[in-house]
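> I have a structure I would like to understand better, so I am pasting it below and will then ask my questions one at a time.
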Amino acid sequence: MCKFIVISLFSLCFCSCFQLFDVGPNTFIKESYNPQQSKKAVLFLKGGNATTDNSLQVTVNGYEYELDNKEVGNTFIVDSDHSNTIQDSAAINFIWLSNDTLQIDFDGRLRTFIQNRSVNGVTIMYKSR
């Protein structure tokens, strides 16, 4: 009986750790289409977990792209740098300069993890404010 209790407790603890380290859901914030409406940039918040902060992520894809919960941003990923700034819809803005050039304006206090310069045929320019 004691062996069963020990195994049960170990299993419960082990399974709980996976949930602690799993990332949270994606929350759509905003999107912006290029002038031709053939591409779009999507800003979303990826929920954190016990060991990681929430992150703002940008993905650039085709017009009909739909965000799902497993998506990881393919263009720009930032976090609040240990609550150094607020992660909201004003932290990142999109300006399409042409059909294939996107400017991303962002709060310079955000900590950057990924900052790609070209994604899916779109040149990405960054402007910290």
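Ligands are numbered from 1 in the order shown, residues from 1 within each chain, and chains are lettered A, B, ... in the order they appear in the structure tokens.
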Which residues are close to segment 118-125 of chain A, i.e. within 8 Å by only C-alpha atoms, leaving aside same-chain residues fewer than 3 positions away? Reply as a PyMOL selection string.

chain A and resi 60-61+74-75+99-104

> Glu64 of chain A: which residues within 9 Å, counting only C-alpha atoms, same-chain residues fewer than 3 positions away excluded, as number ranges by chain?

A: 38-40, 61

> Find, counting only C-alpha atoms, the residue in A:Thr51, A:Ile86, A:Thr59, A:Asp68 that gets nearest to Pro25 of chain A.

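Closest to Pro25 of chain A, using only C-alpha atoms: A:Asp68.
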
> Of the residues A:Pro35, A:Ile29, A:Ile77, A:His82, which is the one nearest to Thr52 of chain A, using only C-alpha atoms?

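Nearest to Thr52 of chain A: A:His82.
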
> Mind pulling up the distance from atom CA of Ser83 of chain A to atom CA of Glu31 of chain A?

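We find that atom CA of Glu31 of chain A and atom CA of Ser83 of chain A lie 24.4 Å from each other.
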
> Under the rule that only C-alpha atoms are counted, which of A:Ser80, A:Asn69, A:Thr27, A:Gln36 is the nearest residue to Leu97 of chain A?

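Smallest separation from Leu97 of chain A among the options: A:Gln36.
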
> Can you list, as a list in words, every residue of chain A that DSSP puts in alpha helix (DSSP H)?

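DSSP-assigned alpha helix (DSSP H) residues in chain A: Cys2, Lys3, Phe4, Ile5, Val6, Ile7, Ser8, Leu9, Phe10, Ser11, Leu12, Cys13, Phe14, Cys15, Ser16, Cys17, Phe18, Gln19, Leu20 and Phe21 of chain A.
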
> Give me, please, the distance in Å between atom CA of Val72 of chain A and atom CA of Asp53 of chain A, quoted to one decimal.

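So the two atoms, atom CA of Val72 of chain A and atom CA of Asp53 of chain A, lie 14.5 Å apart.
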
> Taking into account only C-alpha atoms, which residue in the set A:Val58, A:Leu67, A:Ala41, A:Val78 is nearest to Asn26 of chain A?

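Ranking A:Val58, A:Leu67, A:Ala41, A:Val78 by distance to Asn26 of chain A, first place goes to A:Leu67.
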
> I'd like to know which of A:Asn84, A:Ser32, A:Asn116, A:Ser89 is closest to Tyr65 of chain A, using only C-alpha atoms.

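Ranked by minimum distance to Tyr65 of chain A, first place goes to A:Ser32.
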